[in-house]
Number of protein chains: 2
Amino acid sequence: MTFTLPRFLPYLLNQAAEAASAEFQAYYKARYGMLRTEWRVLFHLGIYGDMTASEVCTRAAIHKTKVSRAVAALEAKRFVKRRTDAEDRRNEPLSLTPAGTRAFTDLQEAAAAYEARLTAFLSEPELDRLRAQLEHLASQPVTRSPR
Amino acid sequence: MTFTLPRFLPYLLNQAAEAASAEFQAYYKARYGMLRTEWRVLFHLGIYGDMTASEVCTRAAIHKTKVSRAVAALEAKRFVKRRTDAEDRRNEPLSLTPAGTRAFTDLQEAAAAYEARLTAFLSEPELDRLRAQLEHLASQPVTRSPR
DNA sequence: GGCTAACAGTTGCTTTTGTAACCAACAAGC
DNA sequence: GCTTGTTGGTTACAAAAGCAACTGTTAGCC
């Protein structure tokens with residue numbers, strides 16, 4: 001089997017990921033001026049509840065400087081507020097403000113609708129299988145960025 | 001079905017793409033000091049033969065400024081040389097130098113071996129189906145970057 | 001208590017990317 | 001042959017990402 005670029009899985013994954021992100025990205029950027037890392041942080045807080053920046057890093061496998069700046073940006077937009085944990089003053093638990101919650105709800109709905117359109121060509125079992133395969137690839141024991 | 005981040009396809013695709021690229025990226029970076037766009041250009045020339053920068057843009061859906069810089073970098077590394085088309089002096093057909101061909105051959109082998117490991121958990125038909133699904137997602141009629 | 005190491009988070013600097021404006025060469029209409 | 005528009009490709013500037021060093025805080029250990 002000859003090797004060609006459009007069959008090379010990392011390449012294909014990148015092309016698919018980029019195409020699949022483009023439209024949703026345009027939405028949150030136009031509507032809320034958010035960057036990728038910002039909506040990811042917003043979603044982590046919206047879905048899983050309050051957590052510290054480093055918990056976001058661990059869960060999302062994003063580098064801490066990116067999270068730090070994303071949190072600062074979300075704070076400036078008044079979508080997130082941070083407290084200082086009295087027990088351990090290094091920790092700064094983050095939570096969504098009411099405006100942050102509204103933005104999250106809107107984006108979550110948009111995301112769900114977008115995904116439905118994106119995956120309309122797949123049956124439910126096919127989609128499940130695809131997700132499982134992608135998860136497996138994502139958790140490959142390759143070198144991950146440090147937390 | 002509640003919406004969660006690790007089920008959101010664009011997110012999953014990104015995580016999988018990043019993880020799947022990481023190791024190969026480390027290889028071409030360490031060995032040839034190449035960037036992502038650079039090896040992509042190299043592979044296009046190696047696989048499909050000589051072409052101009054804008055043909056690379058079209059095939060790979062990469063923005064022309066990125067290609068322009070990648071070509072300049074590959075030229076500086078003496079992996080690529082460019083001529084000027086006498087018919088139409090705007091066109092600059094690119095071709096691999098012997099060193100470029102060697103680098104391409106090495107990277108192609110590394111890529112094939114890497115992919116084999118990466119996809120070892122999939123059967124042939126599963127892999128084919130995955131590729132087809134990713135291709136479909138990649139060619140989604142979403143807004144693509146201009147050429 | 002005082003020293004060292006580890007951890008949460010930030011800042012500064014460099015590299016890479018994105019965007020738009022730009023130059024040179026050609027094509028078409030007139 | 002001269003304008004007008006288009007195309008291939010580059011450059012300049014701004015935004016974002018990566019990396020390493022830094023601050024402040026806690027924990028462990030003697």
# chains A, B, ... in the order shown; residues from 1 in each chain; ligands from 1
>>> interface_residues(of="chain C", to="chain A", cutoff="9 Å", atoms="only C-alpha atoms (C1' of nucleotides)", output="PyMOL selection string")
chain C and resi 7-10
>>> select_by_dssp(residues="region 32-128 of chain A", states="strand (DSSP E or B)", output="PyMOL selection string")
chain A and resi 51+80-82+94-96
>>> closest_atom_pairs(of="chain D", to="chain A", cutoff="9 Å", atoms="only C-alpha atoms (C1' of nucleotides)", output="JSON lines")
{"residue": "D:DA17", "atom": "C1'", "partner": "A:Lys66", "partner_atom": "CA", "distance": 7.9}
{"residue": "D:DG24", "atom": "C1'", "partner": "A:Arg90", "partner_atom": "CA", "distance": 7.8}
{"residue": "D:DT25", "atom": "C1'", "partner": "A:Arg90", "partner_atom": "CA", "distance": 5.7}
{"residue": "D:DT26", "atom": "C1'", "partner": "A:Asp88", "partner_atom": "CA", "distance": 7.2}
>>> closest_residue(among="A:Ala99, A:Trp39, A:His44, A:Tyr27", to="chain B", atoms="only C-alpha atoms")
A:His44
>>> interface_residues(of="chain A", to="chain B", cutoff="7 Å", atoms="only C-alpha atoms", output="VMD selection string")
chain A and resid 3 to 4 9 to 10 12 to 17 19 to 23 47 115 134 to 135 137 to 138 140 142 to 143
>>> residues_around(residues="Gly33 (chain B)", least_positions_apart="3", cutoff="12 Å", atoms="only C-alpha atoms (C1' of nucleotides)", output="VMD selection string")
chain B and resid 25 to 30 36 to 39 70 73 to 74 76 to 77 79 103
>>> select_by_dssp(residues="chain A", states="helix (DSSP H, G or I)", output="JSON, numbers by chain")
{"A": [5, 6, 7, 9, 10, 11, 12, 13, 14, 15, 16, 17, 18, 19, 20, 21, 22, 23, 24, 25, 26, 27, 28, 29, 30, 31, 32, 36, 37, 38, 39, 40, 41, 42, 43, 44, 45, 46, 47, 48, 53, 54, 55, 56, 57, 58, 59, 60, 64, 65, 66, 67, 68, 69, 70, 71, 72, 73, 74, 75, 76, 98, 99, 100, 101, 102, 103, 104, 105, 106, 107, 108, 109, 110, 111, 112, 113, 114, 115, 116, 117, 118, 124, 125, 126, 127, 128, 129, 130, 131, 132, 133, 134, 135, 136, 137, 138]}
>>> residues_around(residues="DA21 (chain D)", least_positions_apart="2", cutoff="12 Å", atoms="only C-alpha atoms (C1' of nucleotides)", output="count of residues only")
6
>>> closest_residue(among="A:Pro93, A:Met34, A:Lys81, A:Val71", to="Asp50 (chain A)", atoms="only C-alpha atoms")
A:Pro93
